[in-house]
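Q: Below is the file entry.cif, which contains mmCIF, C-alpha atoms and all ligand atoms.
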data_query
#
loop_
_atom_site.label_atom_id
_atom_site.label_comp_id
_atom_site.auth_asym_id
_atom_site.auth_seq_id
_atom_site.Cartn_x
_atom_site.Cartn_y
_atom_site.Cartn_z
CA MET A 18 100.92 109.16 100.06
CA ARG A 19 99.80 110.52 103.42
CA GLN A 20 101.59 113.53 104.81
CA ASP A 21 101.32 112.39 108.44
CA GLY A 22 102.91 108.98 107.81
CA TYR A 23 101.76 105.44 108.53
CA VAL A 24 101.35 103.14 111.50
CA VAL A 25 103.55 100.14 110.69
CA ALA A 26 103.42 96.79 112.50
CA VAL A 27 106.33 94.35 112.20
CA ALA A 28 105.19 90.82 113.06
CA GLY A 29 108.30 88.82 113.96
CA ALA A 30 110.27 91.96 114.90
CA THR A 31 112.65 90.04 117.19
CA GLY A 32 113.71 87.61 114.44
CA ALA A 33 116.55 87.69 111.91
CA VAL A 34 114.35 89.21 109.18
CA GLY A 35 112.31 91.43 111.54
CA GLU A 36 115.40 93.08 112.96
CA VAL A 37 116.65 93.96 109.47
CA MET A 38 113.14 95.17 108.64
CA LEU A 39 113.41 97.84 111.39
CA ARG A 40 116.87 98.91 110.15
CA VAL A 41 115.71 99.12 106.51
CA LEU A 42 112.65 101.22 107.47
CA GLU A 43 115.01 103.62 109.27
CA GLU A 44 117.65 103.73 106.52
CA ARG A 45 115.12 104.39 103.77
CA LYS A 46 113.27 106.98 105.88
CA PHE A 47 109.99 105.18 105.36
CA PRO A 48 107.30 107.57 106.63
CA VAL A 49 106.54 105.78 109.92
CA ARG A 50 104.22 107.66 112.28
CA ARG A 51 104.28 104.83 114.80
CA ILE A 52 106.04 101.47 114.82
CA LYS A 53 104.51 98.39 116.44
CA PRO A 54 106.93 95.50 116.94
CA LEU A 55 105.08 92.20 117.46
CA ALA A 56 106.42 88.77 118.41
CA SER A 57 105.60 85.72 120.54
CA GLU A 58 104.61 85.76 124.20
CA ARG A 59 108.29 85.04 125.00
CA SER A 60 109.33 88.50 123.77
CA VAL A 61 106.57 90.65 125.25
CA GLY A 62 108.10 93.68 126.95
CA LYS A 63 111.49 93.25 125.27
CA ILE A 64 112.92 96.63 124.20
CA LEU A 65 113.86 97.27 120.57
CA LYS A 66 115.39 100.46 119.18
CA PHE A 67 113.72 102.36 116.37
CA GLN A 68 114.85 105.81 115.20
CA GLY A 69 116.72 106.31 118.45
CA GLU A 70 113.71 105.48 120.61
CA GLU A 71 113.09 102.45 122.78
CA ILE A 72 109.94 100.55 121.79
CA LYS A 73 108.35 97.65 123.67
CA VAL A 74 107.51 94.42 121.87
CA GLU A 75 103.83 93.44 122.03
CA GLN A 76 102.26 90.07 121.48
CA LEU A 77 101.19 89.11 117.97
CA SER A 78 97.42 88.72 118.16
CA ALA A 79 94.36 89.45 116.02
CA SER A 80 93.64 92.58 118.06
CA ALA A 81 97.18 93.99 117.65
CA PHE A 82 96.34 95.47 114.24
CA GLU A 83 93.78 98.09 115.33
CA GLY A 84 94.82 101.39 113.75
CA VAL A 85 97.69 99.77 111.79
CA ASP A 86 98.07 100.85 108.14
CA ILE A 87 100.78 98.45 106.99
CA ALA A 88 101.73 95.09 108.55
CA LEU A 89 105.06 93.54 107.59
CA PHE A 90 104.98 89.82 108.50
CA SER A 91 108.04 87.62 109.10
CA ALA A 92 106.96 85.31 111.91
CA GLY A 93 106.61 82.07 109.94
CA ALA A 94 103.99 80.67 107.62
CA SER A 95 101.56 79.41 110.27
CA ARG A 96 101.48 82.82 112.03
CA SER A 97 100.83 84.48 108.67
CA LYS A 98 97.95 82.11 107.97
CA GLU A 99 96.53 82.77 111.42
CA PHE A 100 96.91 86.54 111.63
CA ALA A 101 97.25 88.11 108.14
CA PRO A 102 93.50 87.89 107.39
CA ALA A 103 92.76 89.51 110.79
CA ALA A 104 95.22 92.31 110.03
CA TRP A 105 93.46 93.04 106.71
CA LYS A 106 90.08 92.94 108.48
CA SER A 107 91.38 95.64 110.84
CA GLY A 108 92.33 97.77 107.84
CA ALA A 109 96.06 96.98 107.53
CA VAL A 110 97.61 95.98 104.20
CA VAL A 111 99.88 92.97 104.77
CA VAL A 112 103.27 92.40 103.15
CA ASP A 113 103.98 88.76 103.98
CA ASN A 114 107.47 87.26 103.94
CA SER A 115 106.34 83.67 104.43
CA SER A 116 105.36 81.01 101.91
CA ALA A 117 101.77 80.97 103.26
CA PHE A 118 100.04 82.83 100.42
CA ARG A 119 102.62 83.12 97.64
CA MET A 120 101.02 80.71 95.21
CA GLU A 121 97.42 81.79 95.79
CA PRO A 122 96.18 83.17 92.45
CA ASP A 123 94.58 86.28 93.96
CA VAL A 124 97.65 87.24 96.02
CA PRO A 125 100.30 89.26 94.19
CA LEU A 126 103.89 87.92 94.47
CA VAL A 127 106.19 90.85 93.91
CA VAL A 128 109.77 91.92 93.31
CA PRO A 129 109.37 95.70 92.76
CA GLU A 130 112.09 95.90 90.06
CA ILE A 131 110.36 93.09 88.13
CA ASN A 132 106.56 93.16 88.48
CA PRO A 133 105.42 96.19 90.53
CA HIS A 134 102.19 96.32 88.49
CA ALA A 135 101.02 93.12 90.27
CA ILE A 136 100.68 95.08 93.54
CA ALA A 137 97.41 96.61 92.23
CA GLN A 138 95.70 93.29 92.94
CA TYR A 139 96.26 93.63 96.70
CA THR A 140 92.70 94.88 97.20
CA THR A 141 91.22 91.35 96.84
CA ARG A 142 92.87 89.76 99.89
CA GLY A 143 94.80 92.67 101.43
CA ILE A 144 98.00 90.62 101.20
CA ILE A 145 101.07 91.08 99.03
CA ALA A 146 103.50 88.16 99.20
CA ASN A 147 107.26 88.58 99.29
CA PRO A 148 108.96 85.79 97.33
CA ASN A 149 111.41 83.29 98.82
CA CYS A 150 114.91 84.68 99.34
CA THR A 151 116.60 82.36 96.83
CA THR A 152 113.92 83.12 94.24
CA ILE A 153 114.48 86.88 94.64
CA VAL A 154 118.28 86.69 94.33
CA THR A 155 118.06 84.39 91.30
CA LEU A 156 115.36 86.46 89.55
CA MET A 157 117.24 89.73 90.01
CA ALA A 158 119.56 88.33 87.33
CA LEU A 159 117.10 86.20 85.33
CA ALA A 160 114.41 88.88 84.89
CA PRO A 161 116.49 91.26 82.72
CA LEU A 162 117.64 88.33 80.54
CA HIS A 163 114.04 87.14 80.17
CA ARG A 164 113.05 90.63 78.97
CA TYR A 165 115.80 90.46 76.36
CA SER A 166 115.04 86.93 75.16
CA ARG A 167 112.52 84.51 76.62
CA ILE A 168 113.97 82.00 79.08
CA LYS A 169 113.27 78.38 78.16
CA ARG A 170 115.13 76.51 80.88
CA VAL A 171 117.05 77.20 84.08
CA VAL A 172 119.28 74.94 86.18
CA ALA A 173 119.97 76.63 89.53
CA SER A 174 122.07 75.42 92.47
CA SER A 175 122.05 77.54 95.61
CA TYR A 176 124.63 78.02 98.36
CA GLN A 177 122.45 79.37 101.17
CA ALA A 178 123.57 81.15 104.34
CA VAL A 179 122.55 79.90 107.78
CA SER A 180 120.79 83.17 108.73
CA GLY A 181 118.19 82.25 106.09
CA ALA A 182 117.01 79.66 108.61
CA GLY A 183 116.57 82.27 111.37
CA ALA A 184 118.34 83.74 114.38
CA LYS A 185 118.76 80.36 116.13
CA ALA A 186 120.43 78.86 113.07
CA LEU A 187 122.92 81.73 112.94
CA GLU A 188 123.71 81.12 116.62
CA GLU A 189 124.17 77.40 115.97
CA LEU A 190 126.93 77.96 113.40
CA LYS A 191 128.73 80.33 115.81
CA ARG A 192 128.43 77.88 118.70
CA GLN A 193 129.66 74.97 116.59
CA VAL A 194 132.72 76.93 115.42
CA ARG A 195 133.54 77.94 119.02
CA ALA A 196 133.07 74.37 120.27
CA TRP A 197 135.27 73.00 117.46
CA ALA A 198 138.03 75.50 118.29
CA ALA A 199 137.80 74.55 121.98
CA GLY A 200 137.96 70.84 121.14
CA GLU A 201 134.48 70.29 122.60
CA PRO A 202 131.57 68.27 121.15
CA LEU A 203 129.54 70.32 118.64
CA PRO A 204 125.89 71.08 119.55
CA VAL A 205 123.46 70.09 116.75
CA GLU A 206 119.90 71.36 117.27
CA VAL A 207 118.59 73.50 114.40
CA PHE A 208 119.97 71.72 111.32
CA PRO A 209 119.70 67.94 110.85
CA TYR A 210 123.52 67.63 110.87
CA GLN A 211 126.55 69.69 111.86
CA ILE A 212 126.67 72.74 109.56
CA ALA A 213 130.13 74.04 110.54
CA PHE A 214 132.70 72.72 108.01
CA ASN A 215 129.90 70.90 106.19
CA VAL A 216 127.42 71.35 103.29
CA LEU A 217 123.83 70.10 103.55
CA PRO A 218 121.95 69.35 100.30
CA HIS A 219 118.67 69.71 102.17
CA ILE A 220 116.62 72.88 102.89
CA ASP A 221 113.02 72.57 104.11
CA ALA A 222 111.04 69.32 103.87
CA PHE A 223 111.37 66.74 101.10
CA GLN A 224 108.39 66.21 98.80
CA GLU A 225 107.32 62.96 97.06
CA ASN A 226 109.10 63.98 93.85
CA GLY A 227 112.51 64.00 95.57
CA TYR A 228 112.75 67.81 95.61
CA THR A 229 112.45 69.92 98.76
CA ASN A 230 109.85 72.62 99.41
CA GLU A 231 112.62 75.21 99.08
CA GLU A 232 113.44 73.88 95.60
CA MET A 233 109.79 73.84 94.51
CA LYS A 234 109.40 77.45 95.69
CA LEU A 235 112.02 78.42 93.09
CA VAL A 236 110.18 76.50 90.35
CA ASN A 237 106.70 77.85 91.09
CA GLU A 238 107.53 81.40 92.18
CA THR A 239 109.76 81.99 89.12
CA ARG A 240 106.86 81.23 86.79
CA LYS A 241 104.43 83.41 88.72
CA ILE A 242 106.73 86.45 88.99
CA LEU A 243 107.97 86.29 85.39
CA GLU A 244 104.36 85.58 84.30
CA ASP A 245 105.40 82.65 82.11
CA ASP A 246 104.31 79.11 82.99
CA ARG A 247 106.44 77.59 80.25
CA ILE A 248 109.76 78.33 81.99
CA LEU A 249 111.38 75.06 83.07
CA VAL A 250 113.34 75.24 86.33
CA SER A 251 115.61 72.51 87.70
CA PRO A 252 116.69 73.45 91.25
CA THR A 253 119.07 72.14 93.93
CA THR A 254 119.14 74.13 97.18
CA VAL A 255 122.06 73.69 99.56
CA ARG A 256 122.92 75.07 103.01
CA VAL A 257 126.54 76.17 103.44
CA PRO A 258 128.40 77.44 106.55
CA VAL A 259 128.13 81.11 105.57
CA PHE A 260 126.56 83.61 107.98
CA THR A 261 124.73 85.91 105.53
CA ALA A 262 124.06 86.19 101.76
CA HIS A 263 122.89 83.46 99.41
CA SER A 264 124.84 82.56 96.27
CA VAL A 265 123.31 80.84 93.25
CA SER A 266 125.05 79.12 90.35
CA VAL A 267 122.73 79.56 87.39
CA HIS A 268 122.62 77.95 83.95
CA VAL A 269 120.03 79.50 81.64
CA GLU A 270 118.91 78.66 78.13
CA THR A 271 117.15 81.40 76.18
CA GLU A 272 115.21 81.41 72.90
CA GLN A 273 117.73 83.71 71.19
CA LYS A 274 121.42 83.59 71.88
CA ILE A 275 122.55 86.28 74.34
CA PRO A 276 126.26 86.97 73.85
CA VAL A 277 128.26 87.44 77.06
CA ALA A 278 128.90 91.13 76.30
CA THR A 279 125.17 91.72 75.81
CA ALA A 280 124.31 89.85 79.00
CA ARG A 281 126.73 92.10 80.88
CA GLU A 282 125.02 95.21 79.49
CA VAL A 283 121.55 93.86 80.23
CA PHE A 284 122.57 92.98 83.81
CA ALA A 285 124.28 96.34 84.39
CA ALA A 286 121.22 98.29 83.25
CA PHE A 287 118.92 96.53 85.72
CA PRO A 288 118.25 98.49 88.93
CA GLY A 289 119.36 96.65 92.07
CA LEU A 290 121.82 94.41 90.21
CA ARG A 291 125.56 95.10 89.83
CA VAL A 292 128.08 93.33 87.65
CA LEU A 293 131.30 92.25 89.35
CA ASP A 294 133.01 90.18 86.71
CA ASP A 295 136.73 90.53 86.12
CA PRO A 296 138.25 87.07 86.57
CA ALA A 297 141.74 88.23 85.54
CA ASN A 298 141.73 90.49 88.60
CA LYS A 299 139.96 87.95 90.80
CA GLN A 300 136.76 90.02 90.81
CA TYR A 301 133.60 87.99 91.39
CA PRO A 302 130.77 88.23 93.93
CA MET A 303 131.20 86.52 97.30
CA PRO A 304 128.79 86.36 100.25
CA LEU A 305 131.30 87.76 102.73
CA PHE A 306 131.42 91.05 100.79
CA VAL A 307 127.81 91.18 99.61
CA ALA A 308 126.34 90.76 103.14
CA GLY A 309 124.97 94.09 104.38
CA GLN A 310 124.48 95.50 100.87
CA ASP A 311 121.16 96.21 99.19
CA ASP A 312 122.16 95.31 95.63
CA CYS A 313 122.60 91.80 94.26
CA PHE A 314 125.88 91.09 92.45
CA VAL A 315 126.43 88.97 89.34
CA GLY A 316 129.71 87.62 88.00
CA ARG A 317 131.40 84.61 86.33
CA ILE A 318 129.27 85.41 83.26
CA ARG A 319 130.20 82.97 80.53
CA GLU A 320 128.83 81.09 77.55
CA ASP A 321 127.58 77.60 78.31
CA LEU A 322 129.70 74.91 76.69
CA ALA A 323 126.93 72.34 76.30
CA VAL A 324 123.95 74.11 74.64
CA PRO A 325 123.88 76.75 71.87
CA ASN A 326 121.82 79.46 73.59
CA GLY A 327 123.12 78.91 77.09
CA LEU A 328 124.71 81.23 79.63
CA ASN A 329 126.19 80.50 83.03
CA PHE A 330 126.61 82.99 85.86
CA TRP A 331 126.98 83.34 89.63
CA VAL A 332 124.65 85.70 91.53
CA VAL A 333 124.89 86.69 95.20
CA GLY A 334 122.48 88.69 97.37
CA ASP A 335 122.00 89.44 101.07
CA GLN A 336 118.97 87.26 101.70
CA LEU A 337 117.94 89.19 104.82
CA ARG A 338 117.95 92.45 102.81
CA LYS A 339 116.96 92.01 99.15
CA GLY A 340 115.84 88.44 99.86
CA ALA A 341 113.42 89.52 102.59
CA ALA A 342 113.30 92.82 104.53
CA LEU A 343 114.41 95.24 101.81
CA ASN A 344 112.12 93.71 99.19
CA ALA A 345 109.19 93.91 101.64
CA VAL A 346 109.88 97.57 102.43
CA GLN A 347 110.23 98.34 98.71
CA ILE A 348 106.79 96.76 98.19
CA ALA A 349 105.43 98.98 100.98
CA GLU A 350 107.02 102.01 99.27
CA VAL A 351 105.19 101.28 96.00
CA LEU A 352 102.02 100.71 98.00
CA ILE A 353 102.10 104.13 99.66
CA GLU A 354 103.29 105.95 96.53
CA ARG A 355 100.53 104.55 94.33
CA TYR A 356 97.70 103.23 96.47
CA LEU A 357 97.56 104.36 100.12
P1 LIG B 401 113.56 83.85 113.28
O1 LIG B 401 114.85 84.56 113.44
O2 LIG B 401 113.41 82.49 113.87
O3 LIG B 401 112.40 84.80 113.86
C1 LIG B 401 111.07 84.39 113.99
C2 LIG B 401 110.21 85.53 114.46
O4 LIG B 401 108.86 85.07 114.53
C3 LIG B 401 110.56 86.02 115.86
O5 LIG B 401 110.29 87.39 115.96
C4 LIG B 401 109.62 85.22 116.72
O6 LIG B 401 109.32 85.82 117.96
C5 LIG B 401 108.37 85.22 115.86
N1 LIG B 401 107.51 84.11 116.23
C6 LIG B 401 107.81 82.80 116.26
N2 LIG B 401 106.78 82.08 116.74
C7 LIG B 401 105.80 82.95 117.02
C8 LIG B 401 104.49 82.85 117.56
N3 LIG B 401 103.97 81.68 117.92
N4 LIG B 401 103.76 83.99 117.72
C9 LIG B 401 104.28 85.19 117.40
N5 LIG B 401 105.52 85.36 116.90
C10 LIG B 401 106.26 84.26 116.71
O7 LIG B 401 113.17 83.67 111.75
P2 LIG B 401 113.45 84.66 110.51
O8 LIG B 401 114.64 84.20 109.77
O9 LIG B 401 113.38 86.08 110.95
O10 LIG B 401 112.22 84.31 109.58
C11 LIG B 401 110.90 84.54 109.98
C12 LIG B 401 109.98 84.11 108.85
O11 LIG B 401 110.16 84.97 107.75
C13 LIG B 401 110.26 82.71 108.30
O12 LIG B 401 109.61 81.71 109.05
C14 LIG B 401 109.78 82.81 106.91
O13 LIG B 401 108.39 82.54 106.80
C15 LIG B 401 110.06 84.25 106.57
N6 LIG B 401 111.30 84.38 105.81
C16 LIG B 401 111.18 84.77 104.57
C17 LIG B 401 112.29 84.95 103.81
C18 LIG B 401 112.10 85.34 102.41
O14 LIG B 401 112.88 84.95 101.63
N7 LIG B 401 111.13 86.11 102.07
C19 LIG B 401 113.55 84.74 104.30
C20 LIG B 401 113.68 84.34 105.58
C21 LIG B 401 112.53 84.18 106.33
P3 LIG B 401 110.14 85.41 119.31
O15 LIG B 401 111.46 86.08 119.22
O16 LIG B 401 109.27 85.96 120.38
O17 LIG B 401 110.23 83.93 119.30
C1 LIG B 402 112.22 80.89 104.66
O1 LIG B 402 106.94 78.78 109.41
C2 LIG B 402 107.65 78.25 108.56
O2 LIG B 402 107.60 77.04 108.33
C3 LIG B 402 108.55 79.16 107.78
C4 LIG B 402 109.67 78.47 107.11
C5 LIG B 402 110.50 79.38 106.23
C6 LIG B 402 110.04 79.91 105.02
C7 LIG B 402 108.61 79.77 104.63
O3 LIG B 402 108.23 78.69 104.13
O4 LIG B 402 107.87 80.74 104.80
C8 LIG B 402 111.81 79.66 106.65
C9 LIG B 402 112.65 80.40 105.87
C10 LIG B 402 110.91 80.66 104.23
C11 LIG B 402 110.49 81.18 102.92
O5 LIG B 402 110.89 82.31 102.59
O6 LIG B 402 109.80 80.51 102.16
#
Kindly return the structure encoded in the file as structure tokens.

A:
Amino acid sequence: MRQDGYVVAVAGATGAVGEVMLRVLEERKFPVRRIKPLASERSVGKILKFQGEEIKVEQLSASAFEGVDIALFSAGASRSKEFAPAAWKSGAVVVDNSSAFRMEPDVPLVVPEINPHAIAQYTTRGIIANPNCTTIVTLMALAPLHRYSRIKRVVASSYQAVSGAGAKALEELKRQVRAWAAGEPLPVEVFPYQIAFNVLPHIDAFQENGYTNEEMKLVNETRKILEDDRILVSPTTVRVPVFTAHSVSVHVETEQKIPVATAREVFAAFPGLRVLDDPANKQYPMPLFVAGQDDCFVGRIREDLAVPNGLNFWVVGDQLRKGAALNAVQIAEVLIERYL
């Protein structure tokens, strides 16, 4: 770790994830010598606050990474494909929040509580990929179980917040609710249908197999992060009218039986995961109360009624924090502690 700190670029700093990225860097006192917020031409000159100072947004371009040590990307997959290699060429290590490089074999895909050792491979491409938000929240609960007894099969259904689709999507839910209350027609621009008072079983584009890209991210990323290609994952990803924090209903089948009491202990011992599971007192995780928190919360832990070695649970995490910005900053923390 360098005593004089690091020059950190945030590509996509004006977005939903980028904004949280700046807050998380501040909160965790990441050793930033200079911050460089980058975004599209539209945002050039816009003022953002960082550590009490006003900083001007610059345009994301290949030349913006001169002198940058660490580049945190959350400006979409095509921008990552275009500019991450240029950032590495300029000497910056990239932590990428998009799906652009996640499944490339020589790019590490990392959740620091689960597979920090994978970061060592960053030297090949200069890119460390941050997993998809739903994958991170789900794996924060699955990883400790998998360490206890190998996971054979997972059925996961997500209830994903609108802010996972970006700042404009968050605005759309607010505008629809206001329009509904005023008795006006509801504007529908970001999502394919009205999201207020609705549930959309459709996130990202559909593939030939009937699953969406978002669902296939969960299948493929789970196997890569848990380093086990035999794990079978059956996903359904759903958008719900919640502002922030994704919830996932998970059914898991393990090789050995994991009794509920053991699962609770295994979950509770895992850093970054908290058990909130007291149905008699109406204690279970909910997005409204998990939003803004760093930890993921698991509850409704119960034995499956249909298979012998099955467990069911409900896990919730702030997808802008642990699902994106916090996980990326944690990766950067491991990077500077061990490698830079
Ligand atoms: P958002 O609120 O729509 O923000 C997008 C950001 O990208 C803005 O800063 C925007 O700048 C910038 N941008 C867009 N087009 C650009 C261009 N042509 N050149 C330069 N900058 C451009 O979206 P978000 O929710 O923050 O998500 C951003 C990306 O992060 C997603 O596309 C996704 O790849 C990734 N993401 C990952 C996770 C995860 O789970 N790891 C979760 C959510 C998102 P302007 O303000 O100037 O338009
Ligand atoms: C979350 O540019 C894009 O198409 C980005 C779409 C996107 C992604 C992605 O594929 O990178 C929006 C929200 C993600 C993600 O984490 O996979």

Q: Looking at A:Ser175, A:Asn149, A:Ser95, A:Thr254, which one is nearest to A:Ala222, with distances taken over only C-alpha atoms?

A: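 With only C-alpha atoms as the atom set, the closest residue is A:Thr254.
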
Q: Smallest atom-to-atom distance to ligand LIG 401 (chain B): which of A:Phe118, A:Phe330, A:Tyr176, A:Tyr228, using all atoms listed in the file?

A: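 Among the listed residues, A:Phe118 lies closest to ligand LIG 401 (chain B).
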
Q: Check which residues of chain A sit at most 8 Å from ligand LIG 402 (chain B) using all atoms listed in the file, and return one row each with the closest pair of atoms and their distance in Å to one decimal, ordered by chain and rising number, as CSV.

A:
residue,atom,partner,partner_atom,distance
A:Ala92,CA,B:LIG402,O1,7.0
A:Gly93,CA,B:LIG402,O1,3.3
A:Ala94,CA,B:LIG402,O1,3.9
A:Ser95,CA,B:LIG402,O1,5.5
A:Arg96,CA,B:LIG402,O1,7.3
A:Asn114,CA,B:LIG402,O5,6.2
A:Ser115,CA,B:LIG402,O4,3.3
A:Ser116,CA,B:LIG402,O4,3.8
A:Ala117,CA,B:LIG402,O4,6.3
A:Asn147,CA,B:LIG402,O5,8.0
A:Pro148,CA,B:LIG402,O5,6.6
A:Asn149,CA,B:LIG402,O5,3.9
A:Cys150,CA,B:LIG402,O5,5.7
A:Gly181,CA,B:LIG402,C9,5.8
A:Ala182,CA,B:LIG402,C9,5.2
A:Gly183,CA,B:LIG402,C9,7.0
A:Asp221,CA,B:LIG402,C4,7.4
A:Asn230,CA,B:LIG402,O3,7.9
A:Glu231,CA,B:LIG402,O6,6.7
A:Lys234,CA,B:LIG402,O6,7.2
A:Ala341,CA,B:LIG402,O5,7.6

Q: At a cut-off of 9 Å, using all atoms listed in the file, what residues contact A:Leu55? Leave out same-chain residues fewer than 4 positions from it and give the result as a PyMOL selection string.

A: chain A and resi 26-31+60-61+73-78+81

Q: Report as a list in words all protein, DNA and RNA residues lying within 8 Å of stretch 271-282 of chain A, evaluated on only C-alpha atoms, omitting residues in the same chain fewer than 6 positions from it.

A: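 Skipping anything fewer than 6 positions along the chain leaves Leu162, His163, Ser166, Arg167, Ile168, Lys169, Arg170, Val292, Ile318, Arg319, Glu320, Pro325, Asn326, Gly327 and Leu328 of chain A.
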
Q: What does the structure give for the distance between atom CA of A:Arg338 and atom P1 of ligand LIG 401 (chain B), in Å to one decimal?

A: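 Taking atom CA of A:Arg338 as the start and atom P1 of ligand LIG 401 (chain B) as the end point, the length is 14.2 Å.
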
Q: For atom CA of A:Lys191 and atom O10 of ligand LIG 401 (chain B), determine how far apart the two atoms are, in Å to one decimal place.

A: 18.1 Å

Q: Rank nothing, just name the residue among A:Phe100, A:Ala33, A:Glu43, A:Gly334 nearest to A:Gly69, using all atoms listed in the file.

A: A:Glu43
